[in-house]
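Participant: The following file, coords.txt, comprises compact mmCIF, C-alpha atoms:
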```
# COMPACT_ATOMS: atom_id res chain seq x y z
CA PHE A 1 -9.61 0.43 -1.52
CA ASN A 2 -12.32 -2.15 -2.15
CA TYR A 3 -12.78 -2.67 1.59
CA ALA A 4 -13.82 0.96 2.04
CA LYS A 5 -16.18 1.00 -0.92
CA PRO A 6 -19.73 1.74 0.25
CA GLY A 7 -22.54 -0.64 -0.57
CA LEU A 8 -25.10 1.52 -2.31
CA SER A 9 -27.78 -1.05 -1.59
CA GLU A 10 -27.58 -0.17 2.12
CA LYS A 11 -30.31 2.04 3.57
CA HIS A 12 -27.80 4.72 4.60
CA PRO A 13 -24.62 4.00 2.65
CA PHE A 14 -23.00 7.28 3.62
CA SER A 15 -23.39 7.23 7.35
CA LYS A 16 -20.44 8.29 9.53
CA LYS A 17 -18.79 5.00 8.57
CA TYR A 18 -18.62 6.11 4.96
CA LYS A 19 -16.87 9.45 5.05
CA ASP A 20 -15.13 8.20 1.90
CA LYS A 21 -18.14 9.38 -0.17
CA GLU A 22 -16.04 12.14 -1.71
CA ILE A 23 -13.67 9.60 -3.29
CA PHE A 24 -16.25 7.12 -4.53
CA VAL A 25 -19.30 9.19 -5.39
CA ASP A 26 -18.20 12.81 -5.69
CA CYS A 27 -15.09 11.91 -7.72
CA ASP A 28 -16.49 8.74 -9.29
CA PHE A 29 -13.41 6.66 -8.45
CA TRP A 30 -15.08 3.26 -8.09
CA THR A 31 -11.95 1.23 -8.75
CA LEU A 32 -8.32 1.73 -7.80
CA ASN A 33 -7.56 1.83 -11.52
CA ASP A 34 -10.01 4.75 -11.91
CA LEU A 35 -8.37 6.63 -9.06
CA ALA A 36 -4.89 6.06 -10.49
CA GLU A 37 -5.59 6.74 -14.16
CA ARG A 38 -8.07 9.60 -13.79
CA GLY A 39 -6.81 11.05 -10.53
CA LEU A 40 -3.03 10.64 -10.66
CA VAL A 41 -1.78 10.27 -14.26
CA LYS A 42 -0.53 13.68 -15.42
CA GLY A 43 -2.26 15.04 -18.49
CA ASN A 44 -5.36 12.91 -17.99
CA ASN A 45 -8.40 15.18 -17.78
CA GLY A 46 -10.69 12.45 -16.49
CA ALA A 47 -11.26 14.11 -13.10
CA SER A 48 -11.62 17.62 -11.68
CA ASP A 49 -8.60 19.32 -10.12
CA GLU A 50 -10.22 18.89 -6.71
CA CYS A 51 -10.62 15.15 -7.26
CA LYS A 52 -7.00 14.86 -8.40
CA VAL A 53 -5.89 16.49 -5.15
CA ARG A 54 -8.15 14.15 -3.17
CA ALA A 55 -6.74 11.11 -4.95
CA LYS A 56 -3.13 12.08 -4.26
CA ASN A 57 -3.76 13.12 -0.66
CA ALA A 58 -5.68 9.91 0.03
CA LEU A 59 -2.77 7.84 -1.26
CA LEU A 60 -0.24 9.88 0.73
CA GLY A 61 -2.31 9.50 3.89
CA THR A 62 -2.62 13.26 4.32
CA GLU A 63 -6.39 13.44 3.89
CA ASP A 64 -8.75 11.34 5.97
CA ASN A 65 -11.06 10.08 3.26
CA LEU A 66 -9.94 6.43 3.16
CA VAL A 67 -9.19 5.26 6.68
CA HIS A 68 -6.88 2.37 5.78
CA TRP A 69 -4.76 4.73 3.71
CA TYR A 70 -4.84 7.53 6.28
CA PHE A 71 -3.42 5.28 8.99
CA ASN A 72 -0.57 4.04 6.83
CA TYR A 73 2.95 2.69 7.45
CA GLN A 74 4.36 6.18 7.94
CA PHE A 75 1.75 6.96 10.59
CA TYR A 76 2.39 3.82 12.62
CA TYR A 77 6.16 4.10 12.23
CA GLU A 78 6.18 7.70 13.45
CA MET A 79 3.96 6.71 16.40
CA VAL A 80 6.63 4.28 17.62
CA SER A 81 9.60 5.35 19.72
CA PRO A 82 12.85 5.38 17.69
CA ASP A 83 14.38 2.81 20.04
CA ALA A 84 11.33 0.55 20.26
CA ASN A 85 11.56 -3.11 19.29
CA ILE A 86 9.39 -3.80 16.25
CA VAL A 87 7.89 -7.08 15.10
CA VAL A 88 6.23 -7.55 11.74
CA ILE A 89 3.66 -9.96 10.38
CA ARG A 90 3.62 -9.82 6.60
CA ASN A 91 0.26 -10.88 5.22
CA GLU A 92 1.85 -12.89 2.43
CA HIS A 93 3.94 -14.82 5.01
CA ILE A 94 1.51 -14.74 7.90
CA VAL A 95 2.12 -18.25 9.27
CA ASP A 96 5.93 -18.04 9.28
CA ASP A 97 5.96 -14.52 10.70
CA TRP A 98 3.37 -15.27 13.38
CA ASN A 99 5.35 -18.28 14.54
CA ALA A 100 8.58 -16.26 14.56
CA VAL A 101 6.94 -13.66 16.81
CA GLU A 102 5.56 -16.40 19.09
CA THR A 103 9.05 -17.89 19.41
CA LEU A 104 10.59 -14.47 20.02
CA LEU A 105 8.13 -13.94 22.88
CA GLY A 106 8.75 -17.39 24.35
CA GLY A 107 5.62 -19.03 22.98
CA ASP A 108 5.04 -22.06 20.81
CA ALA A 109 5.36 -21.90 17.03
CA ASP A 110 2.13 -23.81 16.45
CA PHE A 111 0.18 -21.36 14.28
CA THR A 112 -0.98 -22.98 11.03
CA GLN A 113 -2.82 -21.87 7.90
CA GLU A 114 -6.01 -23.28 9.45
CA HIS A 115 -5.82 -20.56 12.12
CA VAL A 116 -5.87 -17.79 9.52
CA PRO A 117 -9.31 -16.19 9.43
CA VAL A 118 -11.19 -16.49 6.18
CA ASN A 119 -11.50 -13.20 4.33
CA ASN A 120 -15.14 -12.26 4.81
CA ALA A 121 -15.13 -9.43 2.30
CA HIS A 122 -17.18 -9.76 -0.85
CA GLU A 123 -15.73 -11.62 -3.78
CA LYS A 124 -13.82 -9.22 -6.00
CA LYS A 125 -14.94 -8.59 -9.55
CA PRO A 126 -12.21 -8.56 -12.23
CA GLU A 127 -12.55 -4.78 -12.71
CA GLU A 128 -12.02 -4.24 -8.96
CA VAL A 129 -8.56 -5.80 -9.03
CA TYR A 130 -7.44 -4.75 -12.52
CA LEU A 131 -4.60 -2.23 -12.78
CA SER A 132 -3.31 -0.96 -16.10
CA ASP A 133 0.43 -0.53 -16.60
CA ALA A 134 0.02 3.26 -16.34
CA ALA A 135 -1.93 2.87 -13.09
CA LYS A 136 0.74 0.61 -11.59
CA VAL A 137 3.52 3.05 -12.41
CA VAL A 138 1.75 6.12 -11.03
CA LEU A 139 0.64 4.29 -7.87
CA CYS A 140 4.21 3.16 -7.20
CA GLU A 141 5.54 6.67 -7.85
CA THR A 142 3.00 8.25 -5.52
CA LEU A 143 3.65 5.61 -2.84
CA CYS A 144 7.44 5.93 -3.07
CA ASN A 145 7.88 7.36 0.44
CA GLU A 146 5.45 4.85 1.89
CA ILE A 147 7.47 2.06 0.25
CA GLN A 148 10.68 3.42 1.81
CA VAL A 149 9.00 3.39 5.24
CA TYR A 150 7.86 -0.20 4.63
CA LYS A 151 11.45 -1.20 3.85
CA THR A 152 12.70 0.56 7.01
CA ILE A 153 10.12 -1.23 9.14
CA LEU A 154 11.17 -4.61 7.73
CA LYS A 155 14.84 -3.81 8.36
CA ARG A 156 14.11 -2.94 11.99
CA ALA A 157 11.78 -5.88 12.66
CA GLN A 158 13.17 -8.22 15.31
CA ASN A 159 11.57 -11.28 13.72
CA ILE A 160 12.62 -10.68 10.10
CA LYS A 161 15.89 -12.32 9.13
CA ASN A 162 18.03 -10.97 6.31
CA GLU A 163 16.90 -13.65 3.86
CA GLN A 164 13.26 -12.82 4.64
CA TYR A 165 13.94 -9.14 3.99
CA VAL A 166 15.55 -10.05 0.66
CA GLN A 167 12.52 -12.21 -0.16
CA SER A 168 10.17 -9.28 0.52
CA MET A 169 12.29 -7.00 -1.65
CA GLN A 170 12.13 -9.55 -4.47
CA GLU A 171 8.34 -9.56 -4.11
CA LEU A 172 8.28 -5.75 -4.05
CA VAL A 173 10.35 -5.57 -7.25
CA ILE A 174 7.53 -7.38 -9.06
CA SER A 175 5.02 -4.66 -8.09
CA CYS A 176 7.16 -1.52 -7.89
CA PRO A 177 10.61 -2.22 -9.37
CA LYS A 178 11.98 1.32 -9.31
CA GLU A 179 10.79 2.14 -5.79
CA ALA A 180 12.02 -1.22 -4.48
CA MET A 181 15.56 -0.29 -5.56
CA GLU A 182 15.43 3.41 -4.57
CA GLU A 183 16.61 4.63 -1.18
CA SER A 184 15.01 8.04 -1.48
CA CYS A 185 12.15 9.62 -3.42
CA PRO A 186 11.76 12.71 -5.62
CA ASP A 187 9.07 14.14 -3.31
CA ALA A 188 9.61 14.86 0.37
CA LYS A 189 7.91 12.56 2.86
CA PRO A 190 4.55 14.05 3.90
CA ASP A 191 4.59 16.04 7.14
CA ILE A 192 2.10 14.19 9.33
CA ARG A 193 3.08 15.63 12.74
CA GLU A 194 -0.39 17.07 13.24
CA LYS A 195 -2.00 13.69 12.55
CA VAL A 196 0.40 11.89 14.89
CA ASP A 197 0.06 14.53 17.64
CA GLY A 198 -3.72 14.25 17.41
CA CYS A 199 -3.51 10.60 18.45
CA TYR A 200 -1.64 11.10 21.72
```
Reformat the file's structure so that it appears as C-alpha cells.

Facilitator:
Amino acid sequence: FNYAKPGLSEKHPFSKKYKDKEIFVDCDFWTLNDLAERGLVKGNNGASDECKVRAKNALLGTEDNLVHWYFNYQFYYEMVSPDANIVVIRNEHIVDDWNAVETLLGGDADFTQEHVPVNNAHEKKPEEVYLSDAAKVVLCETLCNEIQVYKTILKRAQNIKNEQYVQSMQELVISCPKEAMEESCPDAKPDIREKVDGCY
C-alpha cells in the first residue's frame, strides 16, 4: 500500500504510473488503516459508497487501482498450469528459501543475507504501518480467499518442507488467526477469468 502511494511533491504525481489516485486522493485513504476502517468496516460512514466499493475491490484484486494488489496470489496461481511445479521464496525466510530453490535446481546454496537488496523505499512513518484491531480483523476477513490461495501455493511448493509450511502457518496465525485455521471462506473466490485471459 505504501509503495503505491504517490509523492505529492512530484511535478506530475498522477501520471500514468499513478492510476491509484482514486484510492489515495479521491477517497482520501492515505494509510492502510484508513482504507480498512473507513472503507471496509461495516457501519462506518467515513467514506462514500463508491469509495467503499473501491476499497473492497482493490483488496480483492478485482479493480486495477493498486497494481500490487491487482496482481495478487490468486492471479499468479490461476496463471500457472495445474500440474506445474511451483517454487516459493517467502520474504520473511528469503535466504533459506532461495538456497533451497538453488539446491533444487542443482546450484549452490551460497546465498546470504548480504545478497539481499536493501529496501530503497522511504522510511515508514508510524501512522503508515499502524493498524487498529478493527482494521486487522476486517483486512483478514476481506483477504480470506487470498489467504487460502497463499496456503495452497505453500502446500504445492517443491522447496517448502512440511515443517516450513507449519512455521508459515504459525506466523499467519499471529496476523489472521481465524483465516489461518479456515479451509474455506464465507464469500466466493473472486472470478478473475477476464483478468487472467487478458494476460495471455

Participant: Please write out, as AutoDock Vina command-line options, where the centre of an axis-aligned box around all listed atoms of range 133-145 of chain A lies and how long its edges are, in Å to one decimal, after adding 4 Å on each side.

Facilitator:
```
--center_x 3.0 --center_y 3.9 --center_z -8.1 --size_x 17.8 --size_y 16.8 --size_z 25.0
```

Participant: List the spatial neighbours of range 23-29 of chain A as a compact mmCIF listing (two decimals) with C-alpha atoms, in the coordinates of the input - criterion: any atom at most 9 Å away, only C-alpha atoms, same-chain residues fewer than 6 positions off excluded.

Facilitator:
```txt
# COMPACT_ATOMS: atom_id res chain seq x y z
CA LYS A 5 -16.18 1.00 -0.92
CA PRO A 6 -19.73 1.74 0.25
CA LEU A 35 -8.37 6.63 -9.06
CA ALA A 36 -4.89 6.06 -10.49
CA ARG A 38 -8.07 9.60 -13.79
CA GLY A 39 -6.81 11.05 -10.53
CA ALA A 47 -11.26 14.11 -13.10
CA SER A 48 -11.62 17.62 -11.68
CA GLU A 50 -10.22 18.89 -6.71
CA CYS A 51 -10.62 15.15 -7.26
CA LYS A 52 -7.00 14.86 -8.40
CA ARG A 54 -8.15 14.15 -3.17
CA ALA A 55 -6.74 11.11 -4.95
CA ALA A 58 -5.68 9.91 0.03
CA ASN A 65 -11.06 10.08 3.26
CA LEU A 66 -9.94 6.43 3.16
```

Participant: To one decimal place, how far is CA of Lys136 in chain A from CA of His93 in chain A in Å?

Facilitator: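 Going from CA of Lys136 in chain A over to CA of His93 in chain A covers 22.9 Å.
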
Participant: Near Met169 in chain A, within 12 Å and counting only C-alpha atoms, which residues show up once chain neighbours fewer than 6 positions away are dropped, as a PyMOL selection string?

Facilitator: chain A and resi 147-148+150-152+154-155+162-163+175-182

Participant: At what distance in Å, to one decimal, does CA of Asn45 in chain A lie from CA of Pro190 in chain A?

Facilitator: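 That distance, rounded to one decimal, is 25.3 Å.
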
Participant: Could you pull the residues within 7 Å of Val95 in chain A, counting all atoms listed in the file, minus those fewer than 3 positions along the same chain, as a list in words?

Facilitator: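 Non-adjacent residues within range: Trp98, Asn99, Phe111, Thr112 and Gln113 of chain A.
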
Participant: Take CA of Gly106 in chain A and CA of Met79 in chain A and report the distance between them in Å, one decimal.

Facilitator: 25.8 Å

Participant: Select, from A:Ala157, A:Leu32, A:Ile89, A:Leu172, the residue with the minimum atom-to-atom distance to Val129 in chain A, counting all atoms listed in the file.

Facilitator: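 Ranked by minimum distance to Val129 in chain A, first place goes to A:Leu32.
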
Participant: Which of these, A:Val41, A:Val173, A:Leu105, A:Val149, has the shortest distance to Asp133 in chain A once you count only C-alpha atoms?

Facilitator: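 For Asp133 in chain A, the nearest of the candidates is A:Val41.
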
Participant: I'd like the contact shell of Ala134 in chain A - 12 Å cut-off, only C-alpha atoms, skipping same-chain residues fewer than 3 positions apart - returned as a short mmCIF file (atom, residue, chain, number, x, y, z; two decimals) with C-alpha atoms, keeping the file's coordinate frame.

Facilitator:
```cif
data_model
loop_
_atom_site.label_atom_id
_atom_site.label_comp_id
_atom_site.auth_asym_id
_atom_site.auth_seq_id
_atom_site.Cartn_x
_atom_site.Cartn_y
_atom_site.Cartn_z
CA ASN A 33 -7.56 1.83 -11.52
CA ASP A 34 -10.01 4.75 -11.91
CA LEU A 35 -8.37 6.63 -9.06
CA ALA A 36 -4.89 6.06 -10.49
CA GLU A 37 -5.59 6.74 -14.16
CA ARG A 38 -8.07 9.60 -13.79
CA GLY A 39 -6.81 11.05 -10.53
CA LEU A 40 -3.03 10.64 -10.66
CA VAL A 41 -1.78 10.27 -14.26
CA LYS A 42 -0.53 13.68 -15.42
CA ASN A 44 -5.36 12.91 -17.99
CA TYR A 130 -7.44 -4.75 -12.52
CA LEU A 131 -4.60 -2.23 -12.78
CA VAL A 137 3.52 3.05 -12.41
CA VAL A 138 1.75 6.12 -11.03
CA LEU A 139 0.64 4.29 -7.87
CA CYS A 140 4.21 3.16 -7.20
CA GLU A 141 5.54 6.67 -7.85
#
```

Participant: Between A:Ala109, A:Val116, A:Ile153, A:Ile192, which residue has the minimum interatomic distance to Pro82 in chain A, considering all atoms listed in the file?

Facilitator: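 Selected residue with least distance to Pro82 in chain A: A:Ile153.
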